[in-house]
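Participant: Dropping in query_10.cif, which is mmCIF, C-alpha atoms and all ligand atoms:
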```
data_my_file
loop_
_atom_site.label_atom_id
_atom_site.label_comp_id
_atom_site.auth_asym_id
_atom_site.auth_seq_id
_atom_site.Cartn_x
_atom_site.Cartn_y
_atom_site.Cartn_z
CA MET N 22 -28.68 97.14 47.32
CA ALA N 23 -28.05 100.86 47.10
CA GLU N 24 -24.39 100.15 46.41
CA GLY N 25 -23.94 103.76 45.33
CA LYS N 26 -24.88 105.00 48.79
CA LYS N 27 -22.37 102.77 50.52
CA LYS N 28 -19.35 104.57 51.86
CA MET N 29 -15.70 103.72 51.61
CA LYS N 30 -12.44 105.07 52.96
CA ALA N 31 -10.27 106.71 50.33
CA VAL N 32 -7.03 108.67 50.24
CA VAL N 33 -7.64 112.07 48.66
CA LEU N 34 -5.11 114.59 47.41
CA LYS N 35 -7.02 117.87 47.70
CA GLU N 36 -4.19 120.27 46.92
CA PHE N 37 -0.65 119.85 45.63
CA HIS N 38 2.12 120.26 48.23
CA LYS N 39 -0.38 119.46 51.03
CA PRO N 40 -0.70 116.24 53.07
CA PHE N 41 -3.09 113.57 51.80
CA VAL N 42 -6.39 113.19 53.67
CA VAL N 43 -8.45 110.05 54.25
CA GLU N 44 -12.14 110.66 53.57
CA GLU N 45 -15.39 108.71 53.58
CA LEU N 46 -16.66 108.81 50.01
CA PRO N 47 -19.48 107.01 48.20
CA VAL N 48 -18.42 103.67 46.71
CA PRO N 49 -18.18 104.37 42.95
CA GLU N 50 -20.67 102.83 40.52
CA PRO N 51 -19.03 100.96 37.65
CA GLY N 52 -20.06 102.60 34.38
CA PRO N 53 -20.73 100.74 31.12
CA GLY N 54 -17.79 98.48 30.35
CA GLU N 55 -16.36 98.93 33.83
CA VAL N 56 -16.13 96.76 36.94
CA LEU N 57 -16.03 97.61 40.62
CA VAL N 58 -12.98 96.21 42.40
CA LYS N 59 -12.71 95.68 46.16
CA VAL N 60 -9.09 96.73 46.67
CA MET N 61 -7.03 94.25 48.69
CA ALA N 62 -3.63 95.90 48.25
CA SER N 63 -2.37 99.08 46.58
CA GLY N 64 1.34 99.57 45.96
CA LEU N 65 3.09 102.81 46.84
CA CYS N 66 5.37 104.31 44.21
CA LEU N 67 7.76 107.24 44.22
CA THR N 68 5.45 108.69 41.56
CA ASP N 69 2.88 109.24 44.34
CA VAL N 70 5.41 111.63 45.88
CA HIS N 71 5.93 113.41 42.54
CA ILE N 72 2.15 113.69 42.15
CA GLN N 73 1.80 115.27 45.59
CA GLU N 74 4.53 117.73 44.65
CA GLY N 75 2.62 118.76 41.52
CA VAL N 76 5.27 117.48 39.10
CA LEU N 77 2.81 115.56 36.88
CA LYS N 78 0.91 118.23 34.99
CA THR N 79 -1.85 115.90 33.75
CA VAL N 80 -3.04 115.13 37.29
CA LYS N 81 -5.98 117.24 38.48
CA VAL N 82 -7.00 117.53 42.15
CA PRO N 83 -8.98 116.61 44.16
CA TYR N 84 -8.61 112.94 43.36
CA THR N 85 -7.53 109.54 44.70
CA PRO N 86 -4.08 108.29 43.61
CA GLY N 87 -2.87 104.67 43.55
CA HIS N 88 -1.83 102.84 40.38
CA GLU N 89 -0.66 99.47 41.69
CA LEU N 90 -3.95 97.70 42.23
CA ALA N 91 -4.76 94.18 43.35
CA GLY N 92 -8.20 93.10 44.44
CA ILE N 93 -11.40 91.20 43.80
CA VAL N 94 -14.04 92.03 41.18
CA VAL N 95 -17.27 92.61 43.13
CA LYS N 96 -19.64 94.20 40.60
CA LEU N 97 -19.98 94.32 36.82
CA GLY N 98 -21.08 97.40 34.91
CA GLU N 99 -23.42 97.27 31.92
CA GLY N 100 -22.19 95.16 29.03
CA VAL N 101 -19.33 93.44 30.87
CA GLU N 102 -18.94 89.79 30.00
CA ASN N 103 -16.11 87.27 30.40
CA ILE N 104 -15.36 88.38 33.97
CA GLU N 105 -16.78 86.61 37.00
CA ILE N 106 -17.62 88.26 40.27
CA GLY N 107 -15.00 87.10 42.78
CA GLN N 108 -12.17 87.08 40.21
CA HIS N 109 -8.79 87.88 41.77
CA MET N 110 -6.98 90.45 39.67
CA CYS N 111 -4.34 93.10 39.38
CA GLY N 112 -4.91 96.19 37.26
CA TRP N 113 -3.20 97.25 34.06
CA ILE N 114 -2.54 100.96 34.66
CA ASP N 115 -3.11 102.41 31.16
CA VAL N 116 -6.60 102.97 29.81
CA VAL N 117 -5.97 103.11 26.07
CA CYS N 118 -7.91 104.02 22.92
CA HIS N 119 -7.14 101.00 20.63
CA THR N 120 -7.40 103.29 17.59
CA CYS N 121 -4.31 105.54 17.59
CA MET N 122 -1.14 104.83 15.62
CA MET N 123 0.70 103.37 18.64
CA CYS N 124 -2.19 101.14 19.71
CA ARG N 125 -2.43 99.81 16.14
CA MET N 126 1.30 99.02 16.24
CA GLY N 127 0.65 96.88 19.31
CA ARG N 128 2.51 99.33 21.53
CA GLU N 129 -0.47 100.21 23.70
CA ASN N 130 1.74 101.40 26.55
CA LEU N 131 2.58 104.33 24.25
CA CYS N 132 -1.08 105.10 23.39
CA LEU N 133 -1.39 108.72 22.34
CA ASN N 134 -4.74 109.09 24.10
CA ARG N 135 -4.13 107.11 27.26
CA VAL N 136 -5.37 108.02 30.69
CA ARG N 137 -3.95 106.18 33.67
CA ILE N 138 -5.55 104.67 36.72
CA GLY N 139 -4.33 106.65 39.71
CA PHE N 140 -3.15 109.58 37.59
CA GLU N 141 -5.78 111.11 35.31
CA ARG N 142 -8.58 109.04 36.90
CA ASN N 143 -9.16 107.84 40.45
CA GLY N 144 -6.88 105.09 41.64
CA SER N 145 -6.59 102.33 44.18
CA HIS N 146 -5.56 104.04 47.42
CA ALA N 147 -9.18 103.40 48.47
CA GLU N 148 -11.36 100.50 49.56
CA TYR N 149 -13.00 100.34 46.13
CA VAL N 150 -12.18 101.54 42.63
CA ALA N 151 -14.10 101.36 39.35
CA ILE N 152 -11.93 100.52 36.33
CA PRO N 153 -12.52 99.44 32.72
CA ALA N 154 -13.12 95.69 32.52
CA GLU N 155 -10.28 95.35 30.01
CA ASN N 156 -7.80 96.60 32.63
CA VAL N 157 -8.61 93.59 34.81
CA MET N 158 -5.69 91.14 34.65
CA PRO N 159 -6.74 87.84 36.24
CA ILE N 160 -4.27 86.37 38.74
CA GLY N 161 -4.06 83.05 40.56
CA GLU N 162 -5.48 82.93 44.06
CA ASN N 163 -2.10 81.71 45.35
CA ILE N 164 -0.51 85.16 44.96
CA PRO N 165 -0.41 87.18 48.20
CA TRP N 166 -2.17 90.53 47.80
CA PRO N 167 0.79 92.88 48.40
CA SER N 168 2.85 90.88 45.89
CA ALA N 169 0.03 91.03 43.35
CA ALA N 170 -0.23 94.81 43.73
CA VAL N 171 3.36 95.43 42.66
CA ILE N 172 3.24 93.28 39.52
CA PRO N 173 1.71 95.90 37.16
CA ASP N 174 4.37 98.51 37.87
CA ALA N 175 7.56 97.32 39.59
CA VAL N 176 7.63 93.80 38.12
CA ALA N 177 6.14 94.46 34.67
CA CYS N 178 8.34 97.54 34.05
CA MET N 179 11.43 95.48 34.77
CA TYR N 180 10.14 92.69 32.57
CA ASN N 181 9.69 95.23 29.77
CA ALA N 182 13.19 96.64 30.37
CA ILE N 183 15.07 93.35 30.62
CA LYS N 184 13.15 90.85 28.48
CA VAL N 185 11.21 92.90 25.94
CA GLN N 186 13.52 95.86 25.22
CA GLY N 187 16.84 94.53 26.57
CA LYS N 188 16.29 91.10 24.92
CA VAL N 189 18.43 89.60 27.69
CA LYS N 190 18.95 85.88 27.25
CA ALA N 191 20.80 82.99 28.87
CA GLY N 192 24.53 83.68 29.19
CA ASP N 193 24.19 87.47 28.89
CA LYS N 194 25.72 89.77 31.44
CA LEU N 195 23.35 92.37 32.87
CA LEU N 196 24.01 95.37 35.09
CA LEU N 197 21.14 96.78 37.14
CA ALA N 198 22.24 100.21 38.28
CA GLY N 199 20.37 101.54 41.31
CA MET N 200 19.01 98.90 43.67
CA GLY N 201 15.58 99.62 45.03
CA ALA N 202 11.97 98.65 44.59
CA LEU N 203 12.36 97.91 40.86
CA GLY N 204 15.91 96.61 40.86
CA ILE N 205 15.21 93.79 43.25
CA GLN N 206 12.41 92.48 40.97
CA GLY N 207 14.83 92.87 38.04
CA VAL N 208 17.43 90.64 39.68
CA GLN N 209 14.89 87.81 39.83
CA ILE N 210 13.72 88.30 36.22
CA ALA N 211 17.30 88.28 34.92
CA LYS N 212 18.22 85.17 36.91
CA TYR N 213 15.13 83.44 35.51
CA LEU N 214 16.31 84.33 31.99
CA GLY N 215 19.71 82.76 32.74
CA ALA N 216 21.78 85.93 32.77
CA ALA N 217 24.66 86.82 35.06
CA VAL N 218 23.42 89.77 37.09
CA TYR N 219 25.42 92.57 38.66
CA ALA N 220 23.71 95.11 40.89
CA SER N 221 25.01 98.51 41.91
CA GLY N 222 23.82 100.94 44.54
CA ARG N 223 24.81 103.08 47.46
CA THR N 224 23.08 101.23 50.30
CA GLU N 225 24.71 98.04 51.58
CA ALA N 226 21.41 96.59 52.87
CA LYS N 227 19.90 96.84 49.36
CA LEU N 228 22.95 95.22 47.79
CA GLU N 229 22.79 92.44 50.35
CA LEU N 230 19.14 91.88 49.40
CA ALA N 231 20.17 91.77 45.72
CA ARG N 232 22.71 89.03 46.52
CA LYS N 233 20.04 87.16 48.49
CA PHE N 234 17.82 87.21 45.38
CA GLY N 235 20.67 85.85 43.26
CA ALA N 236 22.85 88.74 42.08
CA ASP N 237 26.23 87.34 40.99
CA GLY N 238 28.10 90.45 42.04
CA THR N 239 27.36 93.83 43.61
CA VAL N 240 29.13 97.19 43.47
CA ASN N 241 28.79 99.75 46.24
CA THR N 242 29.24 102.98 44.31
CA ARG N 243 29.89 104.93 47.50
CA GLU N 244 33.16 103.10 47.81
CA GLN N 245 33.93 101.52 44.44
CA ASN N 246 34.31 102.76 40.86
CA LEU N 247 31.45 101.19 38.88
CA GLN N 248 33.24 100.84 35.55
CA GLU N 249 36.35 99.32 37.12
CA GLU N 250 34.38 96.86 39.20
CA ILE N 251 32.20 95.76 36.27
CA SER N 252 35.33 95.25 34.19
CA ARG N 253 36.85 93.17 36.99
CA LEU N 254 33.66 91.13 37.58
CA THR N 255 33.25 90.33 33.88
CA GLY N 256 36.90 89.54 33.20
CA GLY N 257 37.20 92.68 31.08
CA GLU N 258 34.31 91.80 28.75
CA LEU N 259 31.84 94.30 30.28
CA CYS N 260 28.06 93.77 30.25
CA ASP N 261 25.76 93.16 27.29
CA VAL N 262 22.96 95.26 28.77
CA ALA N 263 22.74 97.81 31.58
CA VAL N 264 19.49 99.16 33.03
CA ASP N 265 19.57 102.68 34.43
CA LEU N 266 17.31 102.94 37.49
CA ILE N 267 18.97 106.15 38.68
CA GLY N 268 18.25 108.72 35.97
CA THR N 269 20.71 111.47 36.77
CA ASP N 270 22.35 113.67 34.11
CA SER N 271 25.45 111.42 34.09
CA SER N 272 24.11 107.93 34.85
CA ILE N 273 23.56 106.88 31.21
CA ASP N 274 27.08 107.97 30.25
CA GLU N 275 28.55 105.93 33.09
CA LEU N 276 26.52 102.87 32.06
CA LEU N 277 27.56 103.20 28.38
CA ARG N 278 31.11 102.63 29.63
CA CYS N 279 29.99 99.47 31.47
CA VAL N 280 28.60 97.75 28.33
CA ARG N 281 30.57 96.15 25.51
CA PRO N 282 30.59 97.51 21.90
CA GLY N 283 27.09 96.97 20.46
CA GLY N 284 25.69 96.79 24.00
CA LYS N 285 22.52 98.45 25.23
CA VAL N 286 21.65 100.85 27.99
CA ILE N 287 17.99 100.81 28.97
CA ALA N 288 16.81 104.14 30.36
CA ALA N 289 14.18 103.27 32.95
CA ALA N 290 14.29 106.26 35.29
CA TYR N 291 14.56 110.02 35.15
CA ALA N 292 15.49 112.27 38.02
CA ALA N 293 17.07 114.96 35.83
CA ASP N 294 15.52 116.65 32.74
CA THR N 295 18.43 115.86 30.44
CA PHE N 296 21.52 113.69 30.29
CA THR N 297 24.88 113.98 28.58
CA VAL N 298 26.70 111.11 26.88
CA ASN N 299 29.99 110.72 25.07
CA PHE N 300 29.47 110.54 21.28
CA GLN N 301 32.32 108.05 20.84
CA GLU N 302 30.64 105.49 23.06
CA VAL N 303 27.47 105.59 20.95
CA VAL N 304 28.73 106.21 17.39
CA ILE N 305 32.04 104.38 17.16
CA LYS N 306 30.96 101.50 19.38
CA GLU N 307 27.39 101.21 18.06
CA LYS N 308 25.88 101.24 21.52
CA GLU N 309 22.17 101.76 21.93
CA ILE N 310 20.19 103.79 24.43
CA ILE N 311 16.59 102.58 24.70
CA GLY N 312 13.79 104.15 26.76
CA ILE N 313 11.10 102.12 28.45
CA ARG N 314 7.74 103.21 29.77
CA GLY N 315 5.47 100.90 31.79
CA ALA N 316 4.62 97.64 30.09
CA SER N 317 2.29 96.34 27.40
CA PRO N 318 -0.64 94.12 28.48
CA GLN N 319 1.23 91.18 26.92
CA ALA N 320 4.36 91.88 29.02
CA LEU N 321 2.19 92.25 32.11
CA ARG N 322 0.48 88.90 31.43
CA GLU N 323 3.85 87.20 31.06
CA ALA N 324 5.07 88.79 34.31
CA ILE N 325 1.93 87.57 36.10
CA GLY N 326 2.58 84.07 34.77
CA LEU N 327 6.10 84.07 36.25
CA VAL N 328 4.75 85.14 39.64
CA GLU N 329 2.02 82.46 39.51
CA LYS N 330 4.67 79.84 38.83
CA GLY N 331 6.80 81.10 41.74
CA VAL N 332 9.68 82.07 39.45
CA ILE N 333 9.43 85.65 40.67
CA ASP N 334 8.49 86.50 44.24
CA PRO N 335 7.64 90.21 44.12
CA TYR N 336 9.35 91.71 47.11
CA VAL N 337 7.35 94.03 49.35
CA CYS N 338 9.22 95.10 52.49
CA LYS N 339 6.38 96.72 54.44
CA THR N 340 2.61 97.17 54.42
CA TRP N 341 0.64 100.13 55.69
CA LYS N 342 -3.01 100.99 56.41
CA ILE N 343 -4.42 103.89 54.38
CA ASP N 344 -4.84 105.93 57.59
CA GLU N 345 -1.03 105.98 57.68
CA VAL N 346 -0.82 107.50 54.19
CA ASN N 347 1.29 110.53 55.08
CA GLU N 348 3.77 108.47 57.08
CA ALA N 349 3.96 106.00 54.18
CA ILE N 350 4.54 108.76 51.61
CA ASN N 351 7.14 110.48 53.76
CA ALA N 352 9.05 107.21 54.11
CA LEU N 353 9.12 107.02 50.32
CA ARG N 354 10.18 110.62 49.99
CA GLY N 355 13.07 110.02 52.36
CA PHE N 356 14.12 106.81 50.50
CA LYS N 357 13.72 105.03 53.85
CA ASN N 358 12.38 101.76 52.42
CA LEU N 359 14.44 98.78 51.38
CA ALA N 360 12.01 98.00 48.53
CA ARG N 361 8.34 98.37 47.55
CA THR N 362 5.69 99.09 50.17
CA ALA N 363 1.92 98.70 49.83
CA PHE N 364 -1.35 99.55 51.52
CA THR N 365 -3.39 96.54 52.57
CA PHE N 366 -7.08 96.45 53.44
CA GLU N 367 -9.13 94.42 55.90
CA THR N 368 -10.16 91.09 54.40
CA GLU N 369 -13.33 90.67 56.48
CA ASN N 370 -14.75 93.92 55.09
CA SER N 371 -16.14 92.22 51.98
CA HIS N 372 -18.62 93.87 49.65
CA ASN N 373 -21.52 92.24 51.45
CA SER N 374 -20.65 93.46 54.90
CA SER N 375 -21.89 96.64 56.42
CA PRO N 376 -19.46 99.46 55.61
CA THR N 377 -19.48 101.10 59.03
CA GLU N 378 -20.50 100.04 62.51
ZN ZN V 1 4.59 103.67 39.75
ZN ZN V 2 -4.20 104.53 21.54
#
```
Is it possible to give me this structure as structure tokens?
Facilitator:
Amino acid sequence: MAEGKKKMKAVVLKEFHKPFVVEELPVPEPGPGEVLVKVMASGLCLTDVHIQEGVLKTVKVPYTPGHELAGIVVKLGEGVENIEIGQHMCGWIDVVCHTCMMCRMGRENLCLNRVRIGFERNGSHAEYVAIPAENVMPIGENIPWPSAAVIPDAVACMYNAIKVQGKVKAGDKLLLAGMGALGIQGVQIAKYLGAAVYASGRTEAKLELARKFGADGTVNTREQNLQEEISRLTGGELCDVAVDLIGTDSSIDELLRCVRPGGKVIAAAYAADTFTVNFQEVVIKEKEIIGIRGASPQALREAIGLVEKGVIDPYVCKTWKIDEVNEAINALRGFKNLARTAFTFETENSHNSSPTE
């Protein structure tokens, strides 16, 4: 009854470069074709920091960020079929048009008309969010909520990078450069595919975590030369594929020198506007540089399947309450976390309970 008048807690970014605030807002009404989701966990991403800093020009304030959504469908908008109330889900981030050239090619993650949950429309750093029904990705009830929240971004992006674009297969040698929230999920995906995995980074604790998740070798680039170590670890053969999770102006060039002739470097991060590479590495040695952005719904479904089967255990190192939003964002900004973090929400506060005492 009077669902629209019910209140919820939501993180709001009112102005760029200012702290986030937590406000009581009306619970949104799902429009035609949409569902209302009771958010159970919402992953925190470095992009939330970039959004606060006004880097993403398509984001308009005031609004609620949060693009790594896991929760329970609690209400169906007009015309929604095939989804049951109570369905556990995570959310595909891109709301796409299905009619543009890229959608018709089956590359919906490159839709020319996309808007994104938590970017150009309100996201999941709130107790409830309304999203298009087609962005609901059903998940098994065995998946813990914080783990479910990081599948659409951290896990699915790495699946896209390693399996879909990198085409990594059993026996391949893979370098994941830059251990962090995405890299640690990548180690598990690559081990599942049967590859030998090498991880590089500058923080020993993150490299230790990579080894715990199965990395065959690690390189601490504070102390060791990456190219030399990769050559040593691979008996001089170098890697078949390297994934750049650093994104500086020189990181791609360094990774080109860590892959064999005909090898691939997957560009999965950008911290600088441009990068420089050596022509010889690309032209004479036929090496490829391939960009990745997010993941297609198909890649996301496959990633969910691997988590349901226990092949991948999405790693979340800490959970926060949304009242701690500024502390949580500042920890991200300072690169203080070992891996992904997520907001979690009270389980007893179901859609039937009274919103406030
Ligand atoms: Zn993200
Ligand atoms: Zn499209």
Participant: Chain N near ligand ZN 2 (chain V) within 9 Å: what's each residue's closest atom pair and its distance in Å to one decimal, counting all atoms listed in the file, ordered by chain then ascending residue number, as a Markdown table?
Facilitator:
```
| residue | atom | partner | partner_atom | distance |
| --- | --- | --- | --- | --- |
| N:Val116 | CA | V:ZN2 | ZN | 8.8 |
| N:Val117 | CA | V:ZN2 | ZN | 5.1 |
| N:Cys118 | CA | V:ZN2 | ZN | 4.0 |
| N:His119 | CA | V:ZN2 | ZN | 4.7 |
| N:Thr120 | CA | V:ZN2 | ZN | 5.2 |
| N:Cys121 | CA | V:ZN2 | ZN | 4.1 |
| N:Met122 | CA | V:ZN2 | ZN | 6.7 |
| N:Met123 | CA | V:ZN2 | ZN | 5.8 |
| N:Cys124 | CA | V:ZN2 | ZN | 4.3 |
| N:Arg125 | CA | V:ZN2 | ZN | 7.4 |
| N:Arg128 | CA | V:ZN2 | ZN | 8.5 |
| N:Glu129 | CA | V:ZN2 | ZN | 6.1 |
| N:Asn130 | CA | V:ZN2 | ZN | 8.4 |
| N:Leu131 | CA | V:ZN2 | ZN | 7.3 |
| N:Cys132 | CA | V:ZN2 | ZN | 3.7 |
| N:Leu133 | CA | V:ZN2 | ZN | 5.1 |
| N:Asn134 | CA | V:ZN2 | ZN | 5.3 |
| N:Arg135 | CA | V:ZN2 | ZN | 6.3 |
```
Participant: Which distance in Å separates CA of Ile305 in chain N and CA of Gly257 in chain N, to one decimal?
Facilitator: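 CA of Gly257 in chain N lies 18.9 Å from CA of Ile305 in chain N.
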Participant: Extract, using only C-alpha atoms, all DNA, RNA and protein residues at most 8 Å from Val157 in chain N, discarding same-chain residues fewer than 3 positions from it, and format them as a ChimeraX atom specification.
Facilitator: /N:110-113,152-154
Participant: Neighbours of ligand ZN 1 (chain V) within 9 Å, counting all atoms listed in the file, as a VMD selection string?
Facilitator: chain N and resid 64 to 69 87 to 89 171 173 to 175 315
Participant: Just to confirm, what's the straight-line distance from CA of Gly201 in chain N to CA of Thr224 in chain N in Å (one decimal)?
Facilitator: 9.3 Å
Participant: So that I can see what lies close to Ile251 in chain N, please list as a list in words the residues with an atom at most 10 Å from it, counting all atoms listed in the file and leaving out residues fewer than 2 positions away in the same chain.
Facilitator: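 Selected residues are Leu196, Tyr219, Ala220, Ser221, Gly238, Thr239, Val240, Asn246, Leu247, Gln248, Glu249, Arg253, Leu254, Thr255, Gly256, Gly257, Glu258, Leu259, Cys260, Arg278, Cys279 and Val280 of chain N.
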Participant: For Gly75 in chain N, please output as a tab-separated table (two decimals) with C-alpha atoms, in the frame of the given file all residues within 8 Å (counting all atoms listed in the file; exclusion window: fewer than 5 positions along the same chain).
Facilitator:
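The result, written out as part34.tsv:
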```tsv
chain	number	residue	atom	x	y	z
N	37	PHE	CA	-0.65	119.85	45.63
N	38	HIS	CA	2.12	120.26	48.23
N	80	VAL	CA	-3.04	115.13	37.29
```
